[in-house]
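Okay, target.txt is below, compact mmCIF, C-alpha atoms:
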# COMPACT_ATOMS: atom_id res chain seq x y z
CA MET A 1 -36.60 163.60 -120.57
CA ASN A 2 -35.26 160.02 -120.51
CA SER A 3 -33.07 159.79 -117.43
CA GLN A 4 -31.15 156.75 -118.65
CA LYS A 5 -27.57 157.63 -119.60
CA ASP A 6 -25.17 156.04 -122.08
CA VAL A 7 -21.92 157.39 -120.64
CA SER A 8 -20.82 158.76 -117.27
CA VAL A 9 -17.80 161.09 -117.45
CA ILE A 10 -15.90 161.64 -114.19
CA VAL A 11 -14.06 164.94 -113.62
CA PRO A 12 -11.90 165.15 -110.46
CA VAL A 13 -11.35 168.76 -109.39
CA PHE A 14 -8.92 170.45 -107.02
CA ASN A 15 -8.31 174.21 -107.29
CA ALA A 16 -8.99 174.24 -111.03
CA SER A 17 -11.00 177.46 -111.28
CA ALA A 18 -8.80 178.83 -114.07
CA THR A 19 -9.66 176.00 -116.47
CA LEU A 20 -12.71 174.22 -115.02
CA LYS A 21 -15.42 176.20 -116.80
CA SER A 22 -13.85 175.56 -120.21
CA THR A 23 -13.39 171.85 -119.43
CA LEU A 24 -16.97 171.36 -118.31
CA ARG A 25 -18.34 173.30 -121.27
CA SER A 26 -16.45 170.93 -123.57
CA LEU A 27 -18.49 168.15 -121.97
CA LEU A 28 -21.77 170.06 -122.04
CA LEU A 29 -21.24 170.56 -125.79
CA GLN A 30 -20.81 166.84 -126.46
CA THR A 31 -22.91 165.53 -129.35
CA LEU A 32 -23.71 162.44 -127.27
CA GLU A 33 -27.01 163.48 -125.72
CA ARG A 34 -27.40 160.94 -122.92
CA ILE A 35 -24.28 161.84 -120.99
CA GLU A 36 -23.80 162.17 -117.23
CA ILE A 37 -21.04 164.53 -116.03
CA ILE A 38 -19.90 163.66 -112.50
CA VAL A 39 -17.79 166.46 -111.04
CA VAL A 40 -15.98 165.61 -107.80
CA ASP A 41 -14.67 168.62 -105.89
CA ASP A 42 -11.76 167.45 -103.75
CA ALA A 43 -12.16 170.19 -101.10
CA SER A 44 -10.94 173.00 -103.37
CA THR A 45 -9.95 176.28 -101.69
CA ASP A 46 -10.44 178.47 -104.79
CA ASP A 47 -13.63 179.25 -106.73
CA SER A 48 -14.03 175.74 -108.17
CA ALA A 49 -16.99 174.89 -105.92
CA GLU A 50 -18.89 177.99 -107.04
CA ILE A 51 -18.25 177.24 -110.71
CA ILE A 52 -19.53 173.69 -110.26
CA LYS A 53 -22.60 174.87 -108.33
CA LYS A 54 -23.53 177.44 -110.99
CA LEU A 55 -23.10 175.06 -113.94
CA ALA A 56 -24.93 172.23 -112.13
CA ALA A 57 -27.88 174.56 -111.47
CA GLU A 58 -28.03 175.39 -115.17
CA ASN A 59 -27.71 171.83 -116.49
CA GLU A 60 -29.16 168.64 -115.06
CA ARG A 61 -26.53 166.52 -116.77
CA ILE A 62 -24.00 167.64 -114.15
CA VAL A 63 -23.87 165.63 -110.93
CA SER A 64 -21.87 167.27 -108.15
CA ILE A 65 -19.96 165.49 -105.37
CA SER A 66 -18.07 167.50 -102.74
CA PHE A 67 -15.41 166.30 -100.30
CA LEU A 68 -15.11 168.08 -96.96
CA GLU A 69 -11.40 167.28 -96.82
CA ASN A 70 -8.81 166.86 -99.54
CA LYS A 71 -8.32 163.16 -100.35
CA GLY A 72 -6.46 163.14 -103.66
CA VAL A 73 -7.37 162.39 -107.27
CA HIS A 74 -7.60 158.61 -106.81
CA GLU A 75 -10.26 158.93 -104.12
CA ALA A 76 -12.10 161.57 -106.16
CA ARG A 77 -12.26 159.27 -109.18
CA LEU A 78 -13.32 156.35 -106.99
CA ALA A 79 -16.25 158.38 -105.65
CA GLY A 80 -17.22 159.18 -109.23
CA ILE A 81 -17.03 155.52 -110.25
CA LYS A 82 -19.34 154.56 -107.38
CA ARG A 83 -21.84 157.27 -108.35
CA ALA A 84 -21.80 156.56 -112.10
CA SER A 85 -25.14 155.28 -113.40
CA ALA A 86 -24.30 154.66 -117.08
CA PRO A 87 -23.06 151.34 -118.52
CA TRP A 88 -19.96 153.11 -119.84
CA ILE A 89 -17.50 155.30 -117.92
CA GLY A 90 -15.00 157.87 -119.16
CA PHE A 91 -12.76 160.46 -117.51
CA LEU A 92 -11.59 164.01 -118.14
CA ASP A 93 -9.11 166.02 -116.09
CA ALA A 94 -10.21 169.47 -114.97
CA ASP A 95 -7.73 171.27 -117.23
CA ASP A 96 -8.18 169.19 -120.40
CA GLN A 97 -10.61 169.39 -123.32
CA ALA A 98 -12.90 166.88 -125.04
CA LYS A 99 -13.63 167.37 -128.73
CA PRO A 100 -17.41 167.70 -129.32
CA ASP A 101 -17.73 164.20 -130.82
CA MET A 102 -15.35 162.48 -128.39
CA PHE A 103 -17.78 160.46 -126.32
CA LYS A 104 -20.31 159.89 -129.11
CA LEU A 105 -17.66 158.38 -131.37
CA MET A 106 -16.11 156.32 -128.58
CA PHE A 107 -19.51 155.08 -127.40
CA ASN A 108 -20.62 154.19 -130.94
CA ALA A 109 -17.37 152.31 -131.56
CA ALA A 110 -17.73 150.42 -128.28
CA ILE A 111 -21.28 149.34 -129.16
CA GLN A 112 -20.64 148.53 -132.81
CA GLU A 113 -17.46 146.57 -132.11
CA ASP A 114 -18.82 145.04 -128.87
CA VAL A 115 -15.59 145.63 -126.93
CA ASP A 116 -14.78 146.34 -123.28
CA ILE A 117 -12.58 149.43 -123.81
CA THR A 118 -12.22 152.00 -126.59
CA ILE A 119 -9.14 154.22 -126.83
CA CYS A 120 -8.78 157.42 -128.87
CA GLY A 121 -5.83 159.64 -129.67
CA SER A 122 -4.76 162.74 -127.73
CA TYR A 123 -3.01 165.99 -128.64
CA ILE A 124 -0.81 167.95 -126.26
CA ILE A 125 -1.84 171.61 -126.43
CA ASN A 126 -0.64 174.73 -124.64
CA GLY A 127 -2.72 177.05 -122.48
CA GLN A 128 -3.83 179.00 -125.57
CA GLY A 129 -5.20 175.86 -127.24
CA ILE A 130 -2.39 175.58 -129.79
CA LYS A 131 -1.40 172.01 -130.67
CA ILE A 132 2.15 171.07 -129.68
CA ARG A 133 2.30 167.42 -130.70
CA LYS A 134 0.43 164.13 -130.60
CA ARG A 135 0.67 162.43 -127.22
CA VAL A 136 -1.22 159.25 -128.14
CA PHE A 137 -2.23 158.22 -131.66
CA PHE A 138 -3.01 155.14 -133.72
CA GLU A 139 -2.49 154.82 -137.46
CA ASP A 140 -5.71 152.88 -138.07
CA ASP A 141 -8.87 151.76 -136.34
CA LYS A 142 -8.18 148.31 -134.95
CA ARG A 143 -9.89 145.73 -132.76
CA ILE A 144 -7.65 143.88 -130.29
CA ASN A 145 -8.72 140.45 -129.05
CA ASN A 146 -5.58 138.75 -127.76
CA LYS A 147 -2.78 139.24 -125.24
CA ILE A 148 -4.46 142.43 -124.08
CA PHE A 149 -2.81 142.69 -120.67
CA GLU A 150 0.65 141.79 -121.93
CA ARG A 151 0.38 144.35 -124.71
CA PHE A 152 -0.99 146.98 -122.32
CA CYS A 153 2.04 146.44 -120.08
CA ASN A 154 4.25 146.93 -123.14
CA PHE A 155 2.54 150.32 -123.69
CA GLU A 156 1.24 149.24 -127.11
CA PHE A 157 -1.99 151.15 -126.44
CA GLY A 158 -0.36 154.43 -125.41
CA ASP A 159 0.33 155.39 -121.81
CA GLY A 160 -1.55 154.48 -118.64
CA ALA A 161 -3.82 157.54 -118.57
CA LEU A 162 -7.57 157.24 -118.00
CA TRP A 163 -8.75 160.30 -119.94
CA ASN A 164 -8.63 158.95 -123.53
CA LYS A 165 -10.48 155.71 -122.78
CA LEU A 166 -14.07 154.52 -122.42
CA TYR A 167 -14.73 151.50 -120.19
CA ARG A 168 -17.57 149.11 -119.57
CA SER A 169 -18.59 150.20 -116.11
CA ASN A 170 -18.14 146.76 -114.54
CA LEU A 171 -14.41 146.87 -115.34
CA LEU A 172 -14.07 149.75 -112.88
CA LYS A 173 -16.89 149.12 -110.42
CA ASN A 174 -15.58 145.63 -109.66
CA LEU A 175 -12.06 146.81 -108.82
CA ASP A 176 -11.07 146.52 -105.16
CA PHE A 177 -8.56 149.26 -104.44
CA GLU A 178 -10.18 151.50 -101.87
CA ASN A 179 -7.61 151.25 -99.10
CA LEU A 180 -4.33 152.36 -100.64
CA PRO A 181 -1.47 152.24 -98.10
CA TRP A 182 -0.56 155.86 -98.80
CA ARG A 183 -1.63 158.78 -100.99
CA GLN A 184 -0.13 158.30 -104.44
CA VAL A 185 0.66 161.61 -106.16
CA ILE A 186 1.54 160.32 -109.66
CA ASN A 187 0.91 157.14 -111.63
CA GLU A 188 -2.47 156.53 -109.98
CA ASP A 189 -4.11 156.25 -113.44
CA LEU A 190 -1.89 153.30 -114.28
CA ILE A 191 -2.79 151.46 -111.08
CA THR A 192 -6.48 151.69 -112.02
CA ASN A 193 -5.82 150.64 -115.61
CA ILE A 194 -3.90 147.55 -114.54
CA GLY A 195 -7.09 146.13 -113.08
CA ALA A 196 -9.28 147.21 -116.01
CA PHE A 197 -7.02 145.87 -118.76
CA HIS A 198 -6.37 142.64 -116.89
CA THR A 199 -10.12 141.95 -116.99
CA ALA A 200 -10.85 143.26 -120.50
CA LYS A 201 -11.42 140.64 -123.21
CA SER A 202 -11.37 143.03 -126.15
CA LEU A 203 -10.68 146.66 -127.02
CA TYR A 204 -10.81 149.03 -129.97
CA LEU A 205 -8.13 151.51 -130.99
CA MET A 206 -9.42 154.62 -132.77
CA LYS A 207 -7.37 156.71 -135.17
CA ASP A 208 -9.53 159.73 -134.27
CA ILE A 209 -7.71 162.23 -132.01
CA LEU A 210 -10.53 163.38 -129.76
CA HIS A 211 -8.82 164.47 -126.53
CA GLU A 212 -6.64 167.48 -125.78
CA TYR A 213 -4.14 167.31 -122.94
CA VAL A 214 -3.16 170.75 -121.70
CA ALA A 215 0.54 170.97 -120.85
CA SER A 216 0.89 172.88 -117.59
CA ALA A 217 4.00 173.76 -115.61
CA ASN A 218 1.86 173.69 -112.47
CA SER A 219 0.72 170.07 -112.78
CA VAL A 220 1.90 167.51 -110.23
CA THR A 221 3.65 165.51 -112.94
CA ALA A 222 5.46 168.54 -114.37
CA GLN A 223 6.79 169.46 -110.93
CA GLN A 224 8.48 166.09 -110.45
CA ASN A 225 12.26 165.98 -110.73
CA ASN A 226 14.19 162.78 -111.47
CA PHE A 227 14.44 161.85 -107.79
CA THR A 228 10.80 162.36 -106.85
CA ALA A 229 9.63 160.79 -110.12
CA TYR A 230 11.70 157.66 -109.42
CA VAL A 231 10.57 157.36 -105.80
CA ASN A 232 6.88 158.01 -106.51
CA THR A 233 6.84 155.62 -109.47
CA PHE A 234 8.52 152.91 -107.41
CA ARG A 235 5.92 153.49 -104.69
CA ALA A 236 3.20 153.11 -107.34
CA TYR A 237 4.77 149.78 -108.32
CA ALA A 238 4.58 148.69 -104.67
CA ILE A 239 0.87 149.65 -104.55
CA ALA A 240 0.25 147.73 -107.78
CA LEU A 241 1.86 144.58 -106.37
CA ARG A 242 -0.12 144.91 -103.15
CA THR A 243 -3.43 145.64 -104.91
CA TYR A 244 -3.10 142.85 -107.46
CA GLN A 245 -1.20 140.30 -105.37
CA ASN A 246 -3.69 137.59 -106.39
CA PHE A 247 -2.83 137.90 -110.09
CA ASP A 248 -1.14 134.93 -111.74
CA ASN A 249 2.65 134.87 -111.95
CA GLU A 250 2.80 135.84 -115.63
CA SER A 251 0.70 138.94 -114.94
CA ILE A 252 2.95 139.97 -112.04
CA ILE A 253 5.96 139.61 -114.34
CA ASN A 254 4.22 141.82 -116.91
CA ILE A 255 3.51 144.48 -114.26
CA THR A 256 7.14 144.38 -113.10
CA SER A 257 8.38 144.69 -116.68
CA MET A 258 6.10 147.69 -117.24
CA TYR A 259 7.38 149.61 -114.23
CA ARG A 260 10.96 148.63 -115.01
CA ARG A 261 10.50 150.12 -118.48
CA GLN A 262 9.22 153.35 -116.95
CA LEU A 263 12.04 153.61 -114.44
CA ASP A 264 14.63 153.03 -117.15
CA ASP A 265 13.61 156.26 -118.91
CA LEU A 266 16.11 159.12 -118.75
CA SER A 267 13.67 161.32 -116.82
CA TYR A 268 13.84 158.84 -113.93
CA ARG A 269 17.62 158.35 -113.81
CA VAL A 270 19.20 159.14 -110.45
CA ASP A 271 22.82 159.10 -109.31
CA ASP A 272 22.31 159.76 -105.59
CA LEU A 273 21.65 156.37 -104.00
CA LYS A 274 21.60 157.97 -100.55
CA TYR A 275 18.48 159.94 -101.54
CA LEU A 276 16.75 156.73 -102.62
CA ASP A 277 17.77 155.00 -99.41
CA GLU A 278 16.34 157.84 -97.31
CA HIS A 279 13.04 157.96 -99.24

Please rewrite the model in this file as C-alpha cells.
Amino acid sequence: MNSQKDVSVIVPVFNASATLKSTLRSLLLQTLERIEIIVVDDASTDDSAEIIKKLAAENERIVSISFLENKGVHEARLAGIKRASAPWIGFLDADDQAKPDMFKLMFNAAIQEDVDITICGSYIINGQGIKIRKRVFFEDDKRINNKIFERFCNFEFGDGALWNKLYRSNLLKNLDFENLPWRQVINEDLITNIGAFHTAKSLYLMKDILHEYVASANSVTAQQNNFTAYVNTFRAYAIALRTYQNFDNESIINITSMYRRQLDDLSYRVDDLKYLDEH
C-alpha cells in the first residue's frame, strides 16, 4: 500500500467514549482513500483509550497519540499538527460526524482551485442524528482572493471553528503558539485560525454541507454562562494579542474588532462589574 497521504485529520479526545467510535467510523468510511486519522487521547479516564487502541489495531490509517496528563484541547491539536504527515490538515471533534465525501470533496476543491484553505458547511444535529439547523453555510461555491484576514475577522466565512476547514499543512505547522500563558477553555479554535487566515492567500467556500456538529449540553461551550463566557473570551483576546503581537497595526485592529463583535453578543452581556473585576 502507498504510505503517502493526502489529508491528515486530527481528532482530540478527552472522555469521549460515548461518541468516539461513531466519530472515528465516520472517518474510516471516508471516500478519500489516502487519509491519515491522528487521534490524540488527552489522558482520558473513561474507555476512550481502549476504543482508540482497538480501532487502531484494526486499521492502519489510525495513528494514536496518548498524553500521560491532561493538557487541554489546544495542546492535543498541536501534537496532532506536529505528527501530521500529509500536505493537507483537517480536524474533527470527538463527538461530531464527517459525511462520507467530506474530505474527498474538500481535498479535490483545494487542489482544483489551488487555494490555501477550503471551507464547507455544517449542520447542527442532536444526539439522535436529527438535523436542527444549519450552523455554517454558503449559498454558492466561491473562491476568495482578497482581504482574506479582514473578512475572516468580520466572520464572513462562518465562525472560528477548525472542524469544517481544510488547510495547507504549512499554515498550521509554521504557527508559533506553543507556550500559551494559561489553559484556554473556549475560543482556542479562533486563536489558531487567526494565524492561519492571516497567512492564507486564497480560500474556497463550498456550498456542500459536509460536517455535522452535535449539540451537547455537556460540552464546555454549552456550560458557559454569560459571566464565564465573557471572561474566557476576553482572556482569549489577550492570548491572541500576545501570540500575534508582531502583526501589523491594521491586523491588530481587525482582531480587536472581531473580539469586540463577539463580546457585544447578548450571550456575553454582564451586569455585575464586580465579578469581572475579580476575574

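Picture a line from atom CA of Val136 of chain A to atom CA of Thr118 of chain A; it runs 13.3 Å.
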
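Relative to atom CA of Ala236 of chain A, atom CA of Asn174 of chain A is found at 20.3 Å.
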
What does the distance between atom CA of Phe91 of chain A and atom CA of Asp140 of chain A come to in Å, to one decimal place? 23.0 Å

Nearest to Pro100 of chain A among A:Gly195, A:Asp189, A:Ala200, A:Leu28, with distances taken over only C-alpha atoms: which residue is it? A:Leu28

Which is closer to Thr192 of chain A than all the others in A:Lys5, A:His279, A:Lys207, A:Lys173, using only C-alpha atoms? A:Lys173

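Candidate residues A:Arg143, A:Arg183, A:Arg269, A:Lys21 were compared for distance to Ser202 of chain A, and the nearest is A:Arg143, using only C-alpha atoms.
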
Closest contacts (segment 100-121 of chain A/segment 31-37 of chain A, max 8 Å, all atoms listed in the file) as a Markdown table:
| residue | atom | partner | partner_atom | distance |
| --- | --- | --- | --- | --- |
| A:Pro100 | CA | A:Thr31 | CA | 5.9 |
| A:Asp101 | CA | A:Thr31 | CA | 5.5 |
| A:Phe103 | CA | A:Leu32 | CA | 6.3 |
| A:Lys104 | CA | A:Leu32 | CA | 4.6 |

Could you give me, as a ChimeraX atom specification, the residues within 8 Å of Ile124 of chain A, counting all atoms listed in the file and dropping anything in the same chain fewer than 3 positions from it? /A:131-135,212-215

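Close contacts of Arg242 of chain A, defined as residues with an atom at most 10 Å away when counting all atoms listed in the file, with chain neighbours fewer than 4 positions off set aside, comprise A:Phe177, A:Leu180, A:Pro181, A:Ala236, A:Tyr237, A:Ala238, A:Asn246.
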
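Nearest residue to Arg168 of chain A, choosing from A:Thr19, A:Thr199, A:Gln30, A:Ser267 and counting only C-alpha atoms: A:Thr199.
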
Neighbours of Asn108 of chain A within 12 Å (only C-alpha atoms; same-chain residues fewer than 3 positions away dropped), as a PyMOL selection string? chain A and resi 6-7+31-32+88+101-105+111-115+117-118+166+204+206

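Closest approach to Ser251 of chain A from the set A:Leu190, A:Leu205, A:Val231, A:Ile148 is made by A:Ile148, with distances taken over all atoms listed in the file.
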
Between A:Val13, A:Ala76, A:Ile81, A:Ile62, which residue has the minimum interatomic distance to Ala49 of chain A, considering only C-alpha atoms? A:Val13

So that I can see what lies close to Ile194 of chain A, please list as a short mmCIF file (atom, residue, chain, number, x, y, z; two decimals) with C-alpha atoms, in the coordinates of the input the residues with an atom at most 9 Å from it, counting all atoms listed in the file and leaving out residues fewer than 2 positions away in the same chain.
data_model
loop_
_atom_site.label_atom_id
_atom_site.label_comp_id
_atom_site.auth_asym_id
_atom_site.auth_seq_id
_atom_site.Cartn_x
_atom_site.Cartn_y
_atom_site.Cartn_z
CA PHE A 149 -2.81 142.69 -120.67
CA PHE A 152 -0.99 146.98 -122.32
CA CYS A 153 2.04 146.44 -120.08
CA GLY A 160 -1.55 154.48 -118.64
CA ASP A 189 -4.11 156.25 -113.44
CA LEU A 190 -1.89 153.30 -114.28
CA ILE A 191 -2.79 151.46 -111.08
CA THR A 192 -6.48 151.69 -112.02
CA ALA A 196 -9.28 147.21 -116.01
CA PHE A 197 -7.02 145.87 -118.76
CA HIS A 198 -6.37 142.64 -116.89
CA THR A 199 -10.12 141.95 -116.99
CA ALA A 240 0.25 147.73 -107.78
CA TYR A 244 -3.10 142.85 -107.46
CA ILE A 255 3.51 144.48 -114.26
#

Do you know which residues are at most 10 Å from Glu75 of chain A counting only C-alpha atoms, after dropping those on the same chain fewer than 2 positions away, and could you put them as a short mmCIF file (atom, residue, chain, number, x, y, z; two decimals) with C-alpha atoms, in the coordinates of the input?
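The result, written out as selection.cif:
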data_model
loop_
_atom_site.label_atom_id
_atom_site.label_comp_id
_atom_site.auth_asym_id
_atom_site.auth_seq_id
_atom_site.Cartn_x
_atom_site.Cartn_y
_atom_site.Cartn_z
CA PRO A 12 -11.90 165.15 -110.46
CA VAL A 40 -15.98 165.61 -107.80
CA ASP A 42 -11.76 167.45 -103.75
CA PHE A 67 -15.41 166.30 -100.30
CA ASN A 70 -8.81 166.86 -99.54
CA LYS A 71 -8.32 163.16 -100.35
CA GLY A 72 -6.46 163.14 -103.66
CA VAL A 73 -7.37 162.39 -107.27
CA ARG A 77 -12.26 159.27 -109.18
CA LEU A 78 -13.32 156.35 -106.99
CA ALA A 79 -16.25 158.38 -105.65
CA GLY A 80 -17.22 159.18 -109.23
CA ILE A 81 -17.03 155.52 -110.25
CA PHE A 177 -8.56 149.26 -104.44
CA GLU A 178 -10.18 151.50 -101.87
CA ASN A 179 -7.61 151.25 -99.10
CA LEU A 180 -4.33 152.36 -100.64
CA ARG A 183 -1.63 158.78 -100.99
#
